[in-house]
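**Q** The structure is given below, and queries will be raised subsequently.
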Protein chains: 2
Amino acid sequence: MMIGAGVRAALRQDGYVVDWVQDGAAAEAALAAEPAYALVLLDLGLPKKDGLTVLENLRRRGKRIPVLIITARDAVADRVRGLDLGADDYLVKPFELDELSARIRALLRRHAGRAQPVVEFGGFRVDPSSRKVTYLGREVSVSGREFSLLSALLERPGRPLSRAQLEERLYGWGEEVASNSVEVHVHNLRRKLGERAIRTVRGAGYVIDEAAAEACRSAASSS
Amino acid sequence: MMIGAGVRAALRQDGYVVDWVQDGAAAEAALAAEPAYALVLLDLGLPKKDGLTVLENLRRRGKRIPVLIITARDAVADRVRGLDLGADDYLVKPFELDELSARIRALLRRHAGRAQPVVEFGGFRVDPSSRKVTYLGREVSVSGREFSLLSALLERPGRPLSRAQLEERLYGWGEEVASNSVEVHVHNLRRKLGERAIRTVRGAGYVIDEAAAEACRSAASSS
DNA sequence: CGAGCCCTTAAGCAGTTCTTAAGGTTCGCG
DNA sequence: CGCGAACCTTAAGAACTGCTTAAGGGCTCG
């Protein structure tokens with residue numbers, strides 16, 4: 001389905017990690033295996049397996065995860081049933097990607113209680129909407145993976161994230177990585193940002209904490 | 001209704017002129033008398049007169065004015081019926097004012113098409129009514145698609161738009177493109193406008209931002 | 001009907017980014 | 001001190017993204 005690919009691309013553009021499955025069975029498998037999804041996008045136009053069943057099972061198991069249904073304009077019955085089964089919102093095809101992402105943001109915000117604005121900490125300034133990073137006052141161009149990595153670390157400053165956690169964050173299910181790519185990205189980031197921007201906590205992972213902020217201050221005073 | 005007052009105040013905050021009526025009859029009267037409304041906010045919780053009837057009559061008279069429905073969470077049937085009668089979006093109570101204004105903006109933007117004011121930014125002057133573009137003082141003739149592309153980028157200067165978003169913008173639903181036509185249009189635009197007019201943000205899309213404005217200034221000083 | 005414009009495709013190129021793998025280095029501990 | 005584990009560095013090639021060019025179809029207008 002072309003729609004699926006476009007939506008997926010757009011969501012990635014917005015910085016989400018997207019797992020895309022194409023029928024109800026696969027959806028249930030994924031939901032069972034990976035309990036950390038933030039949101040489910042359910043296209044009721046899915047072939048051959050009933051998306052509503054997926055939703056029903058999900059709720060029956062007590063999952064409160066936000067679900068956004070996508071239906072065709074004429075599928076009124078499905079829409080009603082979906083809302084009654086506990087969907088949080090729905091969108092009618094055709095829709096605009098802007099609106100989709102607005103609603104997704106709204107759902108996530110409503111559910112998590114927090115918005116996702118510009119992050120600032122320890123000399124960093126990271127803007128998810130424009131994908132820009134400035135460190136110690138100057139703009140640094142980072143690649144996609146590097147950006148995700150930075151965002152993850154900045155989400156909870158001071159809290160180290162292990163390689164495993166970072167991998168989970170950077171790669172969706174089904175595109176596992178079997179190498180030291182996280183290390184490499186950290187290395188490349190350090191080359192761009194300076195040695196002290198990301199500190200490594202032996203045995204625990206990587207962290208951005210006060211040390212980075214300190215580096216910031218000393219750099220400011222020396223200049 | 002307390003909600004009404006709060007909403008009205010918030011919308012005024014956003015710069016809109018708000019007429020607030022409290023039942024269906026008054027709504028119809030207002031809509032008949034003042035044909036220039038940009039958008040209708042319809043609270044289906046209205047007492048004594050059916051808001052859906054207002055909507056139905058509105059559409060029957062051929063009015064395409066955007067309608068945003070507000071319903072209670074449990075009023076599923078009304079919601080569905082509203083969309084089928086031609087409402088453009090709905091919002092469930094309780095909602096956040098931020099979201100309301102976001103959706104209003106989206107609706108207005110989608111509906112705008114024309115009657116938009118001239119956009120000026122970074123050396124550009126784009127007039128939607130006459131479809132004319134001037135850049136750095138000289139008039140540039142652009143084709144239809146190119147014009148749409150430019151307008152989209154200028155709508156939010158500084159904010160990159162991905163290829164997917166631009167495609168969404170340029171092509172309605174049902175006329176998907178499966179190619180790099182956006183890239184080609186950007187290329188052609190750059191040839192007409194100069195390399196720096198549209199900047200590409202790798203991994204995020206295309207932007208018109210301060211860099212274009214800078215190009216403007218330097219060009220002005222050198223000439 | 002033919003010329004010209006606009007648009008979409010498609011294919012190839014270039015530059016960047018990502019992953020992988022193979023050593024090298026540092027650290028903590030016995 | 002010496003060993004293993006964790007971490008770093010480097011480099012090569014695969015994968016991907018964006019740029020360019022050009023062919024071809026549709027459309028309008030003379």
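Numbering starts fresh at 1 for the residues of each chain in the structure tokens, the chains themselves are lettered A, B, ... in the order given, and ligands are numbered from 1 as they appear.
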Chain A residues within 9 Å of chain C, counting only C-alpha atoms (C1' of nucleotides): which ones, as a ChimeraX atom specification?
**A** /A:143-145,177-181,202
**Q** Compile a residue-level contact table for chain D against chain A at a cut-off of 10 Å, reporting for every qualifying residue the shortest atom pair and its distance in Å to one decimal, with only C-alpha atoms (C1' of nucleotides) counted, rows ordered by chain and ascending number, as CSV.
**A**
residue,atom,partner,partner_atom,distance
D:DA5,C1',A:Gly203,CA,9.6
D:DA6,C1',A:Gly203,CA,7.1
D:DC7,C1',A:Arg202,CA,8.1
D:DC8,C1',A:His187,CA,7.7
D:DT9,C1',A:His187,CA,8.3
**Q** Just give me the gap between atom C1' of D:DA11 and atom CA of A:Arg191 in Å, one decimal is fine.
**A**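 Atom-to-atom, atom C1' of D:DA11 and atom CA of A:Arg191 are spaced 16.1 Å apart.
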**Q** Measure the distance from atom CA of B:Val92 to atom CA of A:Pro128 in Å and round it to one decimal.
**A**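 Those two atoms sit 27.7 Å apart.
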**Q** When you count only C-alpha atoms, which of these residues is closest to chain A: B:Ala164, B:Leu136, B:Val7, B:Leu193?
**A**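 Nearest candidate to chain A out of B:Ala164, B:Leu136, B:Val7, B:Leu193: B:Ala164.
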**Q** For the strand (DSSP E) assignment from backbone DSSP, which residues of stretch 121-213 of chain A qualify? Please present them as a list in words.
**A**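 These are the residues in question: Phe121, Phe124, Arg125, Val126, Asp127, Lys132, Val133, Thr134, Tyr135, Arg138, Glu139, Val140, Arg199, Thr200, Val201, Gly205, Tyr206 and Val207 of chain A.
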**Q** I need the residue nearest B:Pro160 from this list: B:Leu55, B:Leu100, B:Ile208, B:Ala27. Use only C-alpha atoms for the distance.
**A**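 Of B:Leu55, B:Leu100, B:Ile208, B:Ala27, the one nearest B:Pro160, counting only C-alpha atoms, is B:Ile208.
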**Q** Quote the spacing between atom CA of B:Asp88 and atom CA of B:Ala25 in Å to one decimal place.
**A**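 Computing the Euclidean distance for atom CA of B:Asp88 and atom CA of B:Ala25 yields 21.4 Å.
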**Q** Which residue, B:Leu11, B:Ile104, B:Val140, B:Leu149, has the smallest gap to chain A when you use only C-alpha atoms?
**A**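 Using only C-alpha atoms, chain A sits closest to B:Ile104.
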